[in-house]
$ cat run-v6.txt   # compact mmCIF, C-alpha atoms and all ligand atoms
# COMPACT_ATOMS: atom_id res chain seq x y z
CA MET A 23 10.24 -7.94 29.06
CA VAL A 24 12.00 -5.61 26.64
CA VAL A 25 9.41 -4.27 24.23
CA GLY A 26 10.16 -3.22 20.69
CA GLU A 27 8.19 -2.10 17.68
CA ARG A 28 8.91 -2.84 14.04
CA LYS A 29 10.47 0.11 12.26
CA PRO A 30 8.53 1.75 9.41
CA PHE A 31 8.75 -0.48 6.34
CA ASP A 32 10.37 2.20 4.17
CA GLU A 33 13.12 2.71 6.72
CA ILE A 34 13.91 -1.02 6.60
CA THR A 35 13.92 -1.22 2.80
CA GLY A 36 16.14 1.88 2.77
CA MET A 37 18.75 0.15 4.95
CA LEU A 38 18.72 -2.88 2.66
CA GLU A 39 19.28 -0.98 -0.56
CA GLY A 40 22.09 -2.53 -2.55
CA HIS A 41 21.96 -5.85 -0.69
CA LYS A 42 21.08 -8.96 -2.70
CA LYS A 43 21.13 -11.70 -0.09
CA ILE A 44 20.43 -11.15 3.58
CA MET A 45 19.57 -13.06 6.72
CA VAL A 46 16.55 -11.92 8.72
CA LEU A 47 17.42 -13.01 12.24
CA GLY A 48 14.73 -13.34 14.90
CA CYS A 49 15.13 -13.63 18.65
CA GLY A 50 13.28 -16.15 20.82
CA GLY A 51 13.34 -13.91 23.89
CA CYS A 52 11.33 -10.82 24.83
CA VAL A 53 10.52 -9.75 21.27
CA THR A 54 8.91 -13.12 20.59
CA VAL A 55 6.65 -12.60 23.59
CA CYS A 56 5.69 -9.06 22.54
CA LEU A 57 5.05 -10.31 18.97
CA THR A 58 7.57 -8.12 17.16
CA GLY A 59 10.73 -10.10 16.50
CA GLY A 60 10.16 -13.84 16.84
CA HIS A 61 9.88 -16.72 14.36
CA ASP A 62 6.51 -15.59 13.00
CA GLU A 63 7.55 -11.99 12.58
CA VAL A 64 10.69 -13.10 10.75
CA ARG A 65 8.50 -14.94 8.25
CA VAL A 66 6.13 -12.00 7.85
CA LEU A 67 8.84 -9.39 7.33
CA SER A 68 10.81 -11.67 4.97
CA SER A 69 7.70 -12.25 2.86
CA GLN A 70 7.05 -8.52 2.74
CA LEU A 71 10.63 -7.70 1.78
CA ARG A 72 10.71 -10.30 -1.00
CA MET A 73 7.44 -9.02 -2.42
CA ALA A 74 8.46 -5.36 -2.22
CA ARG A 75 11.76 -6.09 -3.95
CA ASP A 76 10.13 -8.29 -6.63
CA ASN A 77 7.69 -5.47 -7.20
CA ALA A 78 10.59 -3.07 -7.71
CA GLY A 79 12.23 -5.51 -10.16
CA ASN A 80 15.16 -5.95 -7.79
CA PRO A 81 14.71 -9.34 -6.10
CA ILE A 82 16.33 -10.16 -2.78
CA GLU A 83 17.22 -13.58 -1.39
CA ILE A 84 16.49 -14.08 2.29
CA VAL A 85 17.62 -16.67 4.80
CA GLU A 86 15.05 -16.80 7.62
CA LYS A 87 16.42 -17.80 11.00
CA THR A 88 15.49 -17.40 14.66
CA VAL A 89 17.79 -18.17 17.57
CA GLU A 90 16.95 -18.74 21.22
CA ARG A 91 18.31 -15.31 22.24
CA GLN A 92 20.54 -12.76 20.57
CA CYS A 93 21.83 -11.30 23.85
CA ASP A 94 24.02 -14.34 24.64
CA PRO A 95 27.15 -15.09 22.58
CA GLU A 96 26.55 -18.84 22.41
CA TYR A 97 23.28 -18.43 20.51
CA VAL A 98 24.71 -15.77 18.20
CA GLU A 99 27.44 -18.29 17.39
CA GLU A 100 24.81 -20.67 15.97
CA VAL A 101 24.48 -18.63 12.77
CA SER A 102 28.22 -18.52 12.07
CA GLY A 103 27.71 -20.98 9.20
CA ILE A 104 25.15 -18.72 7.51
CA VAL A 105 26.73 -15.31 7.94
CA PRO A 106 29.52 -15.76 5.34
CA ASP A 107 26.86 -16.52 2.69
CA VAL A 108 24.89 -13.28 3.09
CA ASP A 109 25.81 -9.67 2.54
CA ALA A 110 23.88 -8.21 5.49
CA VAL A 111 21.99 -9.28 8.61
CA LEU A 112 18.68 -7.71 9.57
CA SER A 113 18.20 -8.39 13.26
CA MET A 114 14.72 -8.41 14.73
CA ALA A 115 16.03 -8.43 18.32
CA CYS A 116 16.10 -5.51 20.73
CA GLY A 117 19.04 -3.12 20.51
CA ALA A 118 21.11 -5.38 22.77
CA GLY A 119 20.70 -8.36 20.45
CA VAL A 120 21.59 -6.34 17.35
CA GLN A 121 24.86 -5.32 19.03
CA TYR A 122 25.78 -8.87 19.98
CA VAL A 123 25.40 -9.96 16.37
CA ALA A 124 27.37 -6.97 15.09
CA GLU A 125 30.18 -7.59 17.60
CA ARG A 126 30.48 -11.27 16.75
CA TYR A 127 30.66 -10.74 12.98
CA PRO A 128 33.13 -7.95 12.15
CA GLY A 129 32.89 -6.70 8.59
CA MET A 130 29.25 -7.80 8.32
CA PRO A 131 26.64 -5.03 8.19
CA VAL A 132 24.03 -5.72 10.89
CA TYR A 133 20.87 -3.60 10.87
CA PRO A 134 18.04 -3.16 13.38
CA ALA A 135 14.51 -3.99 12.22
CA LEU A 136 12.96 -2.79 15.48
CA ASP A 137 12.86 0.34 17.54
CA THR A 138 13.47 -0.83 21.10
CA THR A 139 10.98 1.09 23.18
CA PHE A 140 10.68 0.12 26.84
CA VAL A 141 10.74 -2.40 29.68
CA GLY A 142 7.22 -3.42 30.50
CA GLY A 143 4.59 -6.07 30.20
CA SER A 144 1.25 -6.90 28.65
CA THR A 145 -2.14 -5.64 29.76
CA LYS A 146 -3.77 -8.16 27.43
CA GLU A 147 -2.58 -10.06 24.36
CA GLY A 148 -0.93 -7.67 21.94
CA TYR A 149 -1.12 -4.65 24.27
CA TYR A 150 2.06 -3.60 26.06
CA VAL A 151 2.81 -0.88 28.57
CA GLU A 152 5.93 0.59 30.14
CA LYS A 153 6.55 -0.35 33.76
CA CYS A 154 10.22 0.17 34.65
CA GLN A 155 12.93 2.54 33.52
CA THR A 156 15.82 0.49 34.98
CA CYS A 157 16.84 3.29 37.35
CA GLY A 158 19.21 0.99 39.20
CA ALA A 159 17.84 1.70 42.70
CA CYS A 160 14.33 0.35 42.98
CA LYS A 161 11.87 2.44 44.95
CA LEU A 162 8.86 0.17 44.77
CA PHE A 163 8.98 -0.52 48.53
CA TYR A 164 8.07 3.13 49.21
CA THR A 165 5.49 3.49 46.50
CA GLY A 166 3.25 0.50 47.00
CA GLY A 167 4.66 -1.38 44.02
CA ILE A 168 3.98 1.34 41.44
CA CYS A 169 6.98 2.89 39.73
CA PRO A 170 7.23 6.66 40.11
CA ILE A 171 10.17 6.89 37.69
CA ALA A 172 8.66 5.10 34.69
CA ARG A 173 4.99 5.77 35.25
CA CYS A 174 4.95 9.38 36.46
CA SER A 175 5.53 11.56 33.39
CA LYS A 176 7.88 13.78 35.39
CA SER A 177 9.48 10.92 37.36
CA LEU A 178 8.55 12.72 40.58
CA LEU A 179 9.59 11.04 43.82
CA ASN A 180 7.26 13.12 45.97
CA GLY A 181 4.15 13.51 43.87
CA PRO A 182 1.58 14.19 42.73
CA CYS A 183 2.15 17.45 40.91
CA GLY A 184 -0.55 20.08 40.36
CA GLY A 185 -1.46 18.54 37.02
CA SER A 186 -3.08 15.46 38.50
CA THR A 187 -6.80 15.62 37.66
CA LYS A 188 -9.42 13.01 38.47
CA GLY A 189 -6.76 10.34 38.66
CA LYS A 190 -5.30 11.18 35.26
CA CYS A 191 -2.00 12.77 34.28
CA GLU A 192 -1.93 16.22 32.74
CA ILE A 193 -0.06 14.95 29.68
CA ASP A 194 -3.03 12.91 28.47
CA PRO A 195 -6.49 12.19 29.90
CA GLU A 196 -5.96 8.53 28.93
CA VAL A 197 -2.85 8.17 31.11
CA ASP A 198 -3.23 7.30 34.77
CA CYS A 199 -1.49 9.62 37.24
CA ALA A 200 1.10 7.32 38.79
CA TRP A 201 0.97 9.24 42.04
CA GLN A 202 -2.79 8.85 42.29
CA LEU A 203 -2.26 5.10 41.86
CA ILE A 204 0.49 5.15 44.49
CA LEU A 205 -1.70 7.02 46.97
CA ASP A 206 -4.67 4.71 46.43
CA ARG A 207 -2.50 1.69 46.86
CA LEU A 208 -0.71 2.92 50.01
CA LYS A 209 -4.11 3.74 51.51
CA SER A 210 -5.40 0.25 50.77
CA LEU A 211 -2.23 -1.21 52.32
CA ASN A 212 -2.64 1.05 55.35
CA ARG A 213 0.86 2.38 54.71
CA MET A 214 0.26 6.10 54.33
CA ASP A 215 3.18 6.50 56.75
CA LEU A 216 5.41 5.74 53.75
CA TYR A 217 3.79 8.58 51.84
CA GLU A 218 4.48 10.98 54.70
CA GLU A 219 8.23 10.41 54.41
CA ASN A 220 9.96 12.67 51.94
CA MET A 221 12.01 10.78 49.43
CA ALA A 222 15.49 12.21 48.93
CA VAL A 223 16.44 13.67 45.61
CA ASN A 224 17.23 10.83 43.20
CA ASP A 225 20.79 9.72 42.66
CA TRP A 226 20.84 9.18 38.93
CA ARG A 227 24.33 7.73 38.97
CA THR A 228 22.80 4.27 39.33
CA ASN A 229 20.80 5.04 36.17
CA ARG A 230 22.37 5.81 32.79
CA ASP A 231 23.99 8.97 34.15
CA GLY A 232 26.81 6.87 35.56
CA GLY A 233 27.73 5.58 32.08
CA PRO A 234 27.16 2.05 30.73
CA ARG A 235 26.36 -0.36 33.54
CA LYS A 236 27.34 -3.92 34.24
CA MET A 237 26.32 -6.68 36.62
CA ILE A 238 28.77 -9.39 37.58
CA ARG A 239 28.07 -12.63 39.41
CA GLU A 240 31.46 -13.30 40.93
CA ASP A 241 30.74 -16.99 41.59
CA PHE A 242 30.50 -17.48 37.83
CA GLN A 243 33.84 -15.85 37.06
CA ARG A 244 36.78 -18.04 36.06
CA MET B 6 -7.86 -7.09 -18.64
CA ALA B 7 -10.93 -8.73 -20.17
CA ASN B 8 -9.27 -12.12 -20.58
CA PHE B 9 -7.40 -12.04 -17.29
CA GLU B 10 -8.21 -15.05 -15.11
CA PRO B 11 -7.12 -14.34 -11.55
CA THR B 12 -5.80 -16.94 -9.13
CA ILE B 13 -7.70 -16.67 -5.87
CA VAL B 14 -7.00 -18.47 -2.64
CA ALA B 15 -9.91 -18.90 -0.20
CA PHE B 16 -9.07 -20.00 3.33
CA CYS B 17 -12.31 -21.63 4.53
CA CYS B 18 -13.10 -22.91 8.00
CA HIS B 19 -14.12 -26.56 8.24
CA TYR B 20 -17.40 -26.05 10.09
CA CYS B 21 -19.04 -23.24 8.13
CA ALA B 22 -17.49 -21.89 4.94
CA TYR B 23 -16.18 -25.27 3.78
CA GLY B 24 -19.61 -26.74 4.49
CA ALA B 25 -21.15 -23.91 2.47
CA ALA B 26 -18.77 -24.67 -0.41
CA ASP B 27 -19.79 -28.30 -0.24
CA LEU B 28 -23.44 -27.36 -0.26
CA ALA B 29 -22.91 -25.01 -3.21
CA GLY B 30 -21.49 -28.03 -5.03
CA SER B 31 -24.40 -30.31 -4.10
CA MET B 32 -26.82 -27.61 -5.21
CA ARG B 33 -25.01 -27.49 -8.56
CA LEU B 34 -24.43 -23.76 -8.11
CA GLU B 35 -21.88 -22.31 -10.44
CA TYR B 36 -18.93 -20.36 -9.15
CA PRO B 37 -15.68 -19.41 -10.89
CA PRO B 38 -12.98 -22.06 -11.19
CA ASN B 39 -10.46 -19.39 -10.12
CA ILE B 40 -11.02 -20.16 -6.46
CA ARG B 41 -8.55 -22.50 -4.77
CA VAL B 42 -10.06 -23.52 -1.44
CA ILE B 43 -7.78 -24.29 1.49
CA ARG B 44 -9.56 -25.81 4.45
CA LEU B 45 -8.66 -24.68 7.95
CA PRO B 46 -9.96 -26.24 11.17
CA CYS B 47 -11.08 -22.72 12.12
CA THR B 48 -10.32 -19.24 10.79
CA GLY B 49 -8.71 -18.60 14.19
CA LYS B 50 -5.81 -20.58 12.69
CA ILE B 51 -5.11 -17.85 10.16
CA THR B 52 -2.03 -15.69 10.67
CA PRO B 53 -0.48 -12.95 8.52
CA VAL B 54 2.15 -15.53 7.48
CA PHE B 55 -0.43 -17.71 5.65
CA LEU B 56 -1.96 -14.74 3.88
CA LEU B 57 1.35 -13.22 2.81
CA ARG B 58 2.68 -16.55 1.58
CA ALA B 59 -0.39 -16.94 -0.63
CA PHE B 60 0.32 -13.60 -2.28
CA GLU B 61 4.01 -14.36 -2.51
CA LYS B 62 3.30 -17.63 -4.29
CA GLY B 63 1.22 -15.94 -6.93
CA ALA B 64 -2.32 -15.32 -5.69
CA ASP B 65 -3.98 -12.25 -7.22
CA GLY B 66 -6.53 -12.18 -4.41
CA VAL B 67 -7.00 -13.93 -1.09
CA TYR B 68 -9.98 -14.24 1.16
CA VAL B 69 -10.80 -15.82 4.47
CA ALA B 70 -14.28 -17.25 5.01
CA GLY B 71 -15.46 -18.19 8.48
CA CYS B 72 -18.64 -18.79 10.45
CA LEU B 73 -21.12 -16.01 11.10
CA GLU B 74 -20.03 -13.76 13.95
CA GLY B 75 -21.30 -15.20 17.21
CA ASP B 76 -21.63 -18.66 15.64
CA CYS B 77 -18.03 -19.84 15.47
CA HIS B 78 -17.69 -23.56 16.20
CA PHE B 79 -14.69 -22.65 18.36
CA ILE B 80 -16.54 -19.76 19.98
CA HIS B 81 -14.44 -16.82 18.80
CA GLY B 82 -11.99 -18.04 16.14
CA ASN B 83 -13.57 -15.82 13.50
CA LEU B 84 -13.22 -12.80 15.80
CA VAL B 85 -9.53 -13.64 16.16
CA ALA B 86 -9.19 -13.81 12.37
CA LYS B 87 -10.91 -10.52 11.58
CA PRO B 88 -8.31 -8.10 13.05
CA ARG B 89 -5.53 -10.28 11.63
CA VAL B 90 -6.97 -9.93 8.14
CA ASN B 91 -7.28 -6.17 8.64
CA TYR B 92 -3.70 -5.98 9.91
CA THR B 93 -2.45 -7.98 6.92
CA LYS B 94 -4.18 -5.53 4.58
CA LYS B 95 -1.75 -2.92 5.90
CA LEU B 96 1.18 -5.29 5.43
CA ILE B 97 0.36 -5.91 1.77
CA GLN B 98 -0.20 -2.20 1.23
CA GLU B 99 3.35 -1.59 2.48
CA VAL B 100 4.73 -3.79 -0.29
CA GLY B 101 2.64 -2.15 -2.99
CA LEU B 102 -0.45 -4.40 -3.26
CA GLU B 103 -3.97 -2.97 -3.04
CA PRO B 104 -5.60 -3.83 0.32
CA GLU B 105 -8.79 -4.77 -1.59
CA ARG B 106 -7.02 -7.91 -2.75
CA LEU B 107 -7.61 -9.34 0.73
CA GLU B 108 -10.98 -9.74 2.45
CA MET B 109 -12.82 -11.62 5.16
CA PHE B 110 -16.34 -13.03 4.74
CA ASN B 111 -18.70 -14.78 7.14
CA MET B 112 -21.27 -17.44 6.29
CA SER B 113 -22.96 -20.46 7.83
CA ALA B 114 -22.72 -24.02 6.52
CA ALA B 115 -26.29 -23.64 5.24
CA MET B 116 -25.38 -20.71 3.00
CA GLY B 117 -24.31 -22.48 -0.19
CA PRO B 118 -25.73 -19.74 -2.44
CA ARG B 119 -23.87 -17.11 -0.41
CA PHE B 120 -20.62 -19.04 -0.92
CA ALA B 121 -21.13 -18.94 -4.68
CA GLU B 122 -22.10 -15.26 -4.54
CA VAL B 123 -18.96 -14.33 -2.58
CA ALA B 124 -16.80 -16.35 -5.00
CA ASN B 125 -18.36 -14.54 -7.96
CA GLU B 126 -18.16 -11.08 -6.47
CA PHE B 127 -14.62 -11.45 -5.25
CA THR B 128 -13.41 -12.88 -8.57
CA GLU B 129 -15.01 -9.94 -10.34
CA ARG B 130 -13.34 -7.51 -7.92
CA ILE B 131 -9.91 -9.00 -8.61
CA ARG B 132 -10.57 -9.04 -12.36
CA GLN B 133 -11.21 -5.29 -12.14
CA LEU B 134 -7.99 -4.76 -10.16
CA GLY B 135 -5.98 -6.78 -12.67
CA PRO B 136 -3.11 -9.18 -11.96
CA SER B 137 -1.14 -8.74 -8.75
CA PRO B 138 1.79 -6.41 -9.50
CA LEU B 139 4.07 -9.29 -8.51
CA ASN B 140 2.54 -11.58 -11.12
CA LYS B 141 2.66 -8.90 -13.80
CA LYS B 142 6.43 -8.78 -13.33
CA MET B 143 6.70 -12.57 -13.41
CA ARG B 144 4.61 -12.75 -16.54
CA ARG B 145 6.79 -10.18 -18.21
CA VAL B 146 9.85 -12.28 -17.39
CA ASP B 147 8.05 -15.30 -18.89
CA THR B 148 7.33 -13.42 -22.10
CA GLU B 149 10.90 -12.20 -22.34
CA ALA B 150 12.16 -15.76 -21.88
CA ALA B 151 9.76 -16.91 -24.61
S1 LIG C 1 11.96 2.42 40.77
FE1 LIG C 1 13.56 2.11 39.28
S2 LIG C 1 14.01 -0.09 39.25
FE2 LIG C 1 12.06 0.22 40.37
S3 LIG C 1 10.50 -0.10 38.82
FE3 LIG C 1 10.95 2.10 38.85
S4 LIG C 1 12.55 2.45 37.31
FE4 LIG C 1 12.42 0.24 37.72
S1 LIG C 2 -0.06 14.22 36.88
FE1 LIG C 2 0.69 12.51 38.12
S2 LIG C 2 1.77 11.18 36.65
FE2 LIG C 2 1.46 13.16 35.64
S3 LIG C 2 3.35 14.26 36.03
FE3 LIG C 2 1.93 14.85 37.69
S4 LIG C 2 2.30 13.40 39.34
FE4 LIG C 2 3.30 12.58 37.52
$ encode --input "run-v6.txt" --output "structure tokens" --more "lines below"
Ligand code: SF4
Ligand code: SF4
Amino acid sequence: MVVGERKPFDEITGMLEGHKKIMVLGCGGCVTVCLTGGHDEVRVLSSQLRMARDNAGNPIEIVEKTVERQCDPEYVEEVSGIVPDVDAVLSMACGAGVQYVAERYPGMPVYPALDTTFVGGSTKEGYYVEKCQTCGACKLFYTGGICPIARCSKSLLNGPCGGSTKGKCEIDPEVDCAWQLILDRLKSLNRMDLYEENMAVNDWRTNRDGGPRKMIREDFQR
Amino acid sequence: MANFEPTIVAFCCHYCAYGAADLAGSMRLEYPPNIRVIRLPCTGKITPVFLLRAFEKGADGVYVAGCLEGDCHFIHGNLVAKPRVNYTKKLIQEVGLEPERLEMFNMSAAMGPRFAEVANEFTERIRQLGPSPLNKKMRRVDTEAA
């Protein structure tokens, strides 16, 4: 899932200065699962904003709404009846969702309530970790299912580096060395032959270095 | 603030704290009429939304009362509630309310006197803190209107 974190409260209130009636728009996708931008979080943030503004003697009216996903135009369309009645939209989706809302409603200020942080998953409820950096050419076959790009601090393809100590990465004794994990896993799979092969230097053009990316299913094109 | 009578919302679990409140009543123990009890099946039901809405709707103080730790009727509902209450303290601090206006207590159904004691102590704490800043503003508007 795409993981995001709520922005600092002061940053959010700063963006909303001067606005009297807004919509706080949640997303039912990834940010619901990682507990930062779904229906409940919309209610929490809206409550907080109303109280903070009441406290400052400058009340704000808030329409609370959550759609299935903000990264698909048909769901963003669902709020078309509400948008004309507000003077700004605070989106609690990831950066992609915020942009869909902004694109659909020209002339309407659309602000992000979250900092979109990474693609990952949960270790336990409420605890999320980065797993993939969307490099565009997955290497997990060679590395026993552990990502060297996202989980090695230096994104080394032929690790480990000299900083690997007792299974931990030199950046932080709490962080596992991805290459130690890769080695352990390849050993347990009896695939150390994969480790012996040198991986070629990475072609970052499939990553962001090639500019914005797209994916097209031609059988869906009309 | 001597004559300030706070409004306090107490979210009590059905199996322990609500039982304790009931017992306090049967024992004819006195506790302040400021407490508005809301019964929950279990404190594990509590979320930041409930707590914030209580403040938003005019509570000067809010507390959650559940079973003793290790004795929850639903095994660990009270341990689910505890970090949520602590997290919500930060949320109310962000909007300018003192975190002391929110608290979690634990008691068994047999602890009627403890229920009354908590109600007294918490009411006194909120009296010392004064009205919620949100209510102060509302009251001022009321006076202006009058
Ligand atoms: S190798 Fe690339 S695509 Fe595969 S998990 Fe790592 S970053 Fe993601
Ligand atoms: S210690 Fe391990 S994870 Fe850290 S940079 Fe070196 S190889 Fe990568």
$ closest_atom_pairs --input "run-v6.txt" --of "chain B" --to "chain A" --cutoff "8 Å" --atoms "all atoms listed in the file" --output "CSV"
residue,atom,partner,partner_atom,distance
B:Pro53,CA,A:Val66,CA,6.7
B:Val54,CA,A:Val66,CA,5.3
B:Leu57,CA,A:Ser69,CA,6.4
B:Arg58,CA,A:Ser69,CA,6.7
B:Glu61,CA,A:Met73,CA,6.3
B:Leu96,CA,A:Gln70,CA,7.2
B:Ile97,CA,A:Gln70,CA,7.2
B:Glu99,CA,A:Phe31,CA,6.7
B:Val100,CA,A:Ala74,CA,4.5
B:Gly101,CA,A:Ala74,CA,6.7
B:Pro138,CA,A:Asn77,CA,6.4
B:Leu139,CA,A:Asn77,CA,5.4
B:Lys142,CA,A:Asn77,CA,7.1
$ closest_residue --input "run-v6.txt" --among "B:Gly75, B:Gly63, B:Gly117, B:Pro37" --to "B:Asn140" --atoms "only C-alpha atoms"
B:Gly63
$ residues_near_ligand --input "run-v6.txt" --ligand "ligand LIG 1 (chain C)" --cutoff "12 Å" --atoms "only C-alpha atoms and all ligand atoms" --output "PyMOL selection string"
chain A and resi 140-142+152-174+177-179+200+224-226+228-230
$ closest_residue --input "run-v6.txt" --among "A:Gly232, A:Pro195, A:Gly185, A:Gly26" --to "ligand LIG 2 (chain C)" --atoms "only C-alpha atoms and all ligand atoms"
A:Gly185
$ atom_distance --input "run-v6.txt" --atom1 "atom CA of B:Tyr23" --atom2 "atom CA of B:Asp76"
14.6 Å
$ atom_distance --input "run-v6.txt" --atom1 "atom CA of B:Val123" --atom2 "atom CA of B:Leu84"
19.3 Å
$ residues_around --input "run-v6.txt" --residues "stretch 38-49 of chain B" --least-positions-apart "4" --cutoff "9 Å" --atoms "all atoms listed in the file" --output "ChimeraX atom specification"
/B:10-23,26,69-72,77-79,81-87,124,128
$ axis_aligned_box --input "run-v6.txt" --around "ligand LIG 2 (chain C)" --padding-each-side "3 Å" --output "AutoDock Vina command-line options"
--center_x 1.6 --center_y 13.0 --center_z 37.5 --size_x 9.4 --size_y 9.7 --size_z 9.7
$ closest_residue --input "run-v6.txt" --among "A:Gln202, A:Thr58, A:Thr139, A:Asn220" --to "ligand LIG 2 (chain C)" --atoms "only C-alpha atoms and all ligand atoms"
A:Gln202
$ atom_distance --input "run-v6.txt" --atom1 "atom CA of A:Val89" --atom2 "atom CA of A:Gly50"
5.9 Å
$ residues_near_ligand --input "run-v6.txt" --ligand "ligand LIG 2 (chain C)" --cutoff "6 Å" --atoms "all atoms listed in the file" --output "PyMOL selection string"
chain A and resi 174-176+181-183+185-186+191-192+199-201
$ residues_around --input "run-v6.txt" --residues "A:Glu27" --least-positions-apart "2" --cutoff "8 Å" --atoms "only C-alpha atoms" --output "number ranges by chain"
A: 25, 29, 58, 136-139
$ closest_residue --input "run-v6.txt" --among "B:Ala59, B:Ile51, B:Ala114, B:Ala64" --to "B:Val90" --atoms "all atoms listed in the file"
B:Ile51
$ closest_residue --input "run-v6.txt" --among "B:Ala121, B:Val67, B:Ile131, B:Ile80" --to "B:Ala29" --atoms "only C-alpha atoms"
B:Ala121
$ closest_residue --input "run-v6.txt" --among "A:Asp94, A:Arg239, A:Asp107, A:Ser144" --to "A:Gln121" --atoms "all atoms listed in the file"
A:Asp94
$ residues_around --input "run-v6.txt" --residues "A:Gly129" --least-positions-apart "2" --cutoff "12 Å" --atoms "all atoms listed in the file" --output "list in words"
Val105, Pro106, Val108, Asp109, Ala110, Val111, Val123, Ala124, Glu125, Arg126, Tyr127, Pro131 and Val132 of chain A
$ decode --input "run-v6.txt" --residues "stretch 59-109 of chain B" --atoms "C-alpha atoms" --output "JSON list (two decimals), in the first residue's frame"
[["chain", "number", "residue", "atom", "x", "y", "z"],
["B", 59, "ALA", "CA", -17.22, 15.05, 23.51],
["B", 60, "PHE", "CA", -14.88, 18.03, 23.80],
["B", 61, "GLU", "CA", -16.31, 19.60, 20.67],
["B", 62, "LYS", "CA", -19.82, 19.36, 22.06],
["B", 63, "GLY", "CA", -18.87, 21.19, 25.21],
["B", 64, "ALA", "CA", -17.24, 18.83, 27.72],
["B", 65, "ASP", "CA", -14.70, 20.52, 30.00],
["B", 66, "GLY", "CA", -13.17, 17.16, 30.86],
["B", 67, "VAL", "CA", -13.48, 13.61, 29.59],
["B", 68, "TYR", "CA", -12.43, 10.33, 31.08],
["B", 69, "VAL", "CA", -12.53, 6.70, 30.13],
["B", 70, "ALA", "CA", -13.04, 4.09, 32.86],
["B", 71, "GLY", "CA", -12.43, 0.43, 32.17],
["B", 72, "CYS", "CA", -11.70, -2.82, 33.96],
["B", 73, "LEU", "CA", -8.49, -3.36, 35.89],
["B", 74, "GLU", "CA", -5.59, -4.21, 33.62],
["B", 75, "GLY", "CA", -5.50, -7.96, 33.09],
["B", 76, "ASP", "CA", -9.18, -8.27, 34.04],
["B", 77, "CYS", "CA", -10.94, -6.95, 30.95],
["B", 78, "HIS", "CA", -14.14, -8.88, 30.18],
["B", 79, "PHE", "CA", -13.04, -8.85, 26.54],
["B", 80, "ILE", "CA", -9.48, -9.82, 27.45],
["B", 81, "HIS", "CA", -7.59, -6.74, 26.28],
["B", 82, "GLY", "CA", -10.10, -3.99, 25.40],
["B", 83, "ASN", "CA", -8.75, -1.73, 28.14],
["B", 84, "LEU", "CA", -5.22, -2.18, 26.80],
["B", 85, "VAL", "CA", -6.49, -1.11, 23.38],
["B", 86, "ALA", "CA", -8.09, 1.98, 24.92],
["B", 87, "LYS", "CA", -5.07, 3.14, 26.90],
["B", 88, "PRO", "CA", -2.77, 4.14, 24.00],
["B", 89, "ARG", "CA", -5.77, 5.66, 22.20],
["B", 90, "VAL", "CA", -6.46, 7.91, 25.17],
["B", 91, "ASN", "CA", -2.79, 8.89, 25.31],
["B", 92, "TYR", "CA", -2.77, 9.59, 21.57],
["B", 93, "THR", "CA", -5.91, 11.73, 21.88],
["B", 94, "LYS", "CA", -4.23, 13.78, 24.61],
["B", 95, "LYS", "CA", -1.77, 14.89, 21.92],
["B", 96, "LEU", "CA", -4.62, 15.66, 19.52],
["B", 97, "ILE", "CA", -6.39, 17.93, 22.01],
["B", 98, "GLN", "CA", -3.09, 19.60, 22.87],
["B", 99, "GLU", "CA", -2.68, 20.48, 19.18],
["B", 100, "VAL", "CA", -5.95, 22.42, 19.26],
["B", 101, "GLY", "CA", -5.08, 24.26, 22.46],
["B", 102, "LEU", "CA", -6.69, 22.15, 25.22],
["B", 103, "GLU", "CA", -4.70, 20.95, 28.22],
["B", 104, "PRO", "CA", -3.97, 17.19, 27.98],
["B", 105, "GLU", "CA", -4.98, 16.87, 31.67],
["B", 106, "ARG", "CA", -8.58, 17.33, 30.59],
["B", 107, "LEU", "CA", -8.51, 13.73, 29.37],
["B", 108, "GLU", "CA", -7.67, 10.66, 31.45],
["B", 109, "MET", "CA", -8.08, 6.92, 31.68]]
